[in-house]
Every structure is written in structure tokens, then in C-alpha cells.
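Student: Before anything else, here's the structure in question.
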Amino acid sequence: MYEQAVIKFYKKMLSDDEFVWHDFTHSHIIHDWLFWHGKSNVVSTPWGVFIQGPRWRNNLVTWSRFQRELALQQGFPNSTRWVHGGTNTEHFCPDPEKPFEKDGYFLFLARMHPDKQPDLFLHLAEMFPSEKFVLSGSFGKHATPDHAHYGRIYAEMAEKLPNVKVVPDPTKQEQLHLLRHARALVHPSVRECFGLSIVEALATGTPCIVSRDGAFEEIIIEGKTGFLASNIVQYVEAIQNVDSLSPEKAREDAVTRWSRERVVKDYLKVYEDVKKGDVF
């Protein structure tokens with residue numbers, strides 16, 4: 001029964017040009033397969049800095065201008081497009097009972113991995129012993145073994161700092177609560193092709209302190225919704241000046257630029273072009 005359903009599905013993909021197929025798989029197997037059969041009614045969105053496209057070099061839609069530049073470096077054409085990601089700004093919103101009320105802590109919320117630089121976050125906590133810091137994210141309970149490995153390392157580092165609270169593997173509701181009530185999200189990750197946790201934080205009315213790397217410069221409005229930092233000195237300055245940022249402006253920017261509705265509008269334009277036969 002399952003095999004028959006799969007065969008029926010793939011036959012429909014080959015026979016029906018009315019649809020536009022959007023491939024979000026890491027290996028782009030749908031795009032690869034349709035290209036092999038001479039079909040162009042498909043687009044792909046890659047996940048990371050290395051873009052797999054062994055048989056095709058067309059109809060790529062990246063998450064950001066930064067990722068598009070990486071695609072061009074890897075042989076994709078100048079016509080390659082980008083559509084910024086977004087989030088559900090109705091779910092990620094300020095606390096309806098206590099809108100924009102903060103608990104005074106600086107939040108790290110990401111998977112435990114060196115690329116995310118939780119060690120830099122903990123270094124900032126060490127430099128500001130009178131401030132509160134919360135280290136949270138994937139420590140490996142529901143994820144890959146490397147999260148657990150690095151989670152143990154960073155948890156041990158955090159244990160030495162009395163002003164750091166560790167919240168491992170938070171539920172979706174716990175994540176929302178942490179984002180809503182943080183003084184700022186500190187996200188020093190590097191080589192990111194978008195920054196989903198950043199737009200989620202902005203949507204809850206929480207400004208962000210992030211690395212001046214990857215796509216983050218496309219998200220943060222310097223001095224209004226957050227600060228961009230290239231070195232420890234700039235991170236320190238950002239921590240010191242965080243109260244100059246407006247939670248209300250962070251929320252306003254998220255609703256304007258990072259909503260699902262804006263994402264849908266941008267992608268529909270891409271799909272319409274593909275249906276017209278455009279190849280980019």
C-alpha cells in the first residue's frame with residue numbers, strides 16, 4: 001500500500017505541471033529527481049552554507065542575501081533569488097498579561113555547539129557578575145549526540161558562574177516564556193544563513209545582541225532592534241547599552257518584516273514566475 005502511494009505521488013509530480021514543487025530536503029532529492037526528468041516546475045531552498053545541487057544549477061531560492069552570495073561562489077547563476085524567512089508573529093508575541101515586562105536576564109537560546117559560541121556568552125556572564133544570564137537550548141535530550149557532548153562541556157562551564165541559570169532542552173512553551181521575558185537575546189553564532197531565533201525574539205518584543213556575521217546584518221536594525229558585534233569589546237558595549245533598545249520597536253519591526261504573511265507573499269511571486277516558465 002505504501003509503495004503504491006509513493007509511486008502514485010511521483011507519477012503525479014511528473015505528469016502535472018500545474019503545481020510548483022518546493023524542495024526543502026537537505027539533499028534536494030525532489031529537485032534532483034525532477035530535473036533528471038526534464039522538469040523545471042521546482043524550486044529548492046538550502047539549509048546551510050554548503051549547497052548540494054550536483055545535477056542542477058537553477059531555481060534556487062536562498063534564505064538571505066548572504067546565503068545567495070555563498071551560492072554564487074558555489075557555481076549558481078547570478079539570477080539566483082533569495083526570500084527572507086519569517087515566523088508566526090501571532091504565536092511569538094509579547095506576554096498578553098504582561099506585555100514587554102522583562103525579568104532582567106540575558107538569554108542564549110540555541111543548540112549547544114561551538115558554531116553558536118555559547119562560550120562567548122558565558123564569558124560575558126563572567127565579565128558582568130551582577131547581571132543575570134540564562135543558558136538554554138538543545139543539550140542533547142532530543143537531538144544528536146554532538147549536542148549532548150557539547151552540552152556537558154558548556155553546562156560544566158556554566159556551573160562555575162553563580163549568575164548563570166541553565167535551562168536544558170526547553171519545551172516550546174518554555175522557549176516562548178524565555179524569549180518574552182529576556183532583557184535581550186544574545187546570539188553570537190557565526191556563518192548563519194538566516195536567524196530564526198532572532199526574528200522569534202523580536203516578535204516577542206525582545207531586542208537582540210548578535211554577531212556581525214552571516215545574515216544577521218540583514219535582520220537587525222542597528223541601535224533600534226538590536227546591536228551587532230564583531231569582537232568582545234563591542235559585545236560588552238552592547239550589554240552596557242541594552243536599555244537604549246526598545247522592545248516595542250522590536251515587536252513592530254517583526255510584524256512588519258518577519259511575519260508569515262510577508263514570507264507567503266514573497267514566495268507566491270517566485271511560484272508565479274516558475275509557473276510562467278521562468279528559470280533562474
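Identifiers in the C-alpha cells: chain A, B, ... in order shown; residue index from 1 per chain; ligand index from 1 in order shown.
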Determine which residues of range 7-186 of chain A receive a DSSP assignment of alpha helix (DSSP H), computed from the backbone, and state them as a VMD selection string.
Tutor: chain A and resid 7 to 15 29 to 36 65 to 73 118 to 127 145 to 159 172 to 181
Student: Considering only C-alpha atoms, return as a compact mmCIF listing (two decimals) with N, CA and C atoms, in the first residue's frame whatever protein or nucleic-acid residues lie within 10 Å of Ile153 in chain A, sequence-local ones (same chain, fewer than 6 positions apart) excluded.
Tutor:
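Generated output (around_3.txt):
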```txt
# COMPACT_ATOMS: atom_id res chain seq x y z
N MET A 112 23.65 23.53 21.60
CA MET A 112 24.98 23.62 22.18
C MET A 112 26.02 23.14 21.17
N HIS A 113 26.66 24.08 20.53
CA HIS A 113 27.66 23.77 19.51
C HIS A 113 28.62 24.95 19.42
N ASP A 119 30.30 29.70 24.52
CA ASP A 119 31.43 30.05 25.37
C ASP A 119 31.61 31.57 25.45
N PHE A 139 20.54 20.52 24.58
CA PHE A 139 21.68 19.90 25.25
C PHE A 139 21.79 18.41 24.91
N HIS A 147 25.21 17.39 20.34
CA HIS A 147 24.59 18.35 21.24
C HIS A 147 24.83 17.94 22.69
```
Student: A:Thr256, A:Thr171, A:Ser79, A:Thr225: which is nearest Phe280 in chain A, counting only C-alpha atoms?
Tutor: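 That would be A:Ser79, the residue with the smallest distance to Phe280 in chain A.
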Student: If you count only C-alpha atoms, which residues fall within 9 Å of Ala215 in chain A, apart from same-chain ones fewer than 4 positions away, as an MDAnalysis selection string?
Tutor: chainID A and resid 63:67 191:195 219
Student: Could the residues in this selection be written to a file with C-alpha atoms, as a compact mmCIF listing (two decimals), in the first residue's frame?
Tutor:
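Final file, result.txt:
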```txt
# COMPACT_ATOMS: atom_id res chain seq x y z
CA TRP A 63 17.16 32.36 2.92
CA SER A 64 19.15 35.60 2.65
CA ARG A 65 21.43 37.76 0.52
CA PHE A 66 24.36 36.30 2.47
CA GLN A 67 23.40 32.74 1.51
CA ARG A 191 28.07 31.83 9.39
CA GLU A 192 24.29 31.72 9.82
CA CYS A 193 22.24 31.82 6.62
CA PHE A 194 19.26 33.37 8.37
CA GLY A 195 18.47 33.57 12.09
CA ILE A 219 17.81 41.28 10.20
```
Student: Please identify which residues in range 28-254 of chain A DSSP calls strand (DSSP E or B) from the backbone, and express them as number ranges by chain.
Tutor: A: 42-44, 60-62, 81-82, 87, 105-109, 132-137, 164-168, 184-187, 208-211, 222, 226-229
Student: Give me, as a list of chain:residue names, all polymer residues having an atom no more than 10 Å from Ile30 in chain A, counting only C-alpha atoms and skipping those fewer than 5 positions away in the same chain.
Tutor: A:Tyr10, A:Met13, A:Trp21, A:His22, A:Asp23, A:Phe24, A:Thr25, A:Phe35, A:Trp36, A:Val42, A:Val43, A:Ser44
Student: I'd like to know which of A:Gly104, A:Gly48, A:Gly75, A:Gly214 is closest to Ala182 in chain A, using only C-alpha atoms.
Tutor: A:Gly104
Student: Give me, please, the distance in Å between CA of Asn78 in chain A and CA of Lys265 in chain A, quoted to one decimal.
Tutor: 22.5 Å
Student: Given only C-alpha atoms as the basis, pick out the residue of A:Pro129, A:Gly277, A:Pro247, A:Pro77 nearest to Thr204 in chain A.
Tutor: A:Pro247
Student: Restricting the calculation to only C-alpha atoms: of A:Ile51, A:Ile29, A:Leu60, A:Glu159, which residue gets closest to Val279 in chain A?
Tutor: A:Leu60
Student: Name all residues at most 12 Å from range 90-99 of chain A (count only C-alpha atoms; drop same-chain ones fewer than 5 positions away) and give them as a ChimeraX atom specification.
Tutor: /A:172-173,175-182,196-206,247-248,250-252,254-255,258-261
Student: CA of Ser27 in chain A and CA of Pro46 in chain A, how far apart in Å?
Tutor: 8.6 Å
Student: Between A:Gly86, A:Ser40, A:Phe19, A:His28, which one has atoms that come closest to Asp266 in chain A, using only C-alpha atoms?
Tutor: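 For Asp266 in chain A, the nearest of the given residues is A:Gly86.
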Student: Which of these, A:Arg262, A:Lys160, A:His142, A:His187, has the shortest distance to Gln117 in chain A once you count only C-alpha atoms?
Tutor: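 Among the listed residues, the smallest separation from Gln117 in chain A belongs to A:His187.
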Student: Once you count only C-alpha atoms, what closest atom pair and distance in Å to one decimal does each residue of range 63-169 of chain A within 9 Å of range 237-243 of chain A have, with rows by chain and rising residue number, as a tab-separated table?
Tutor:
```
residue	atom	partner	partner_atom	distance
A:Phe106	CA	A:Ile239	CA	8.7
A:Leu124	CA	A:Ile239	CA	8.6
A:Phe128	CA	A:Ile239	CA	8.9
```
Student: Which residues are near Arg152 in chain A? Cut-off 12 Å, only C-alpha atoms, ignore same chain within fewer than 2 positions. Put them as a PyMOL selection string.
Tutor: chain A and resi 112-113+138-141+145-150+154-159+166+168
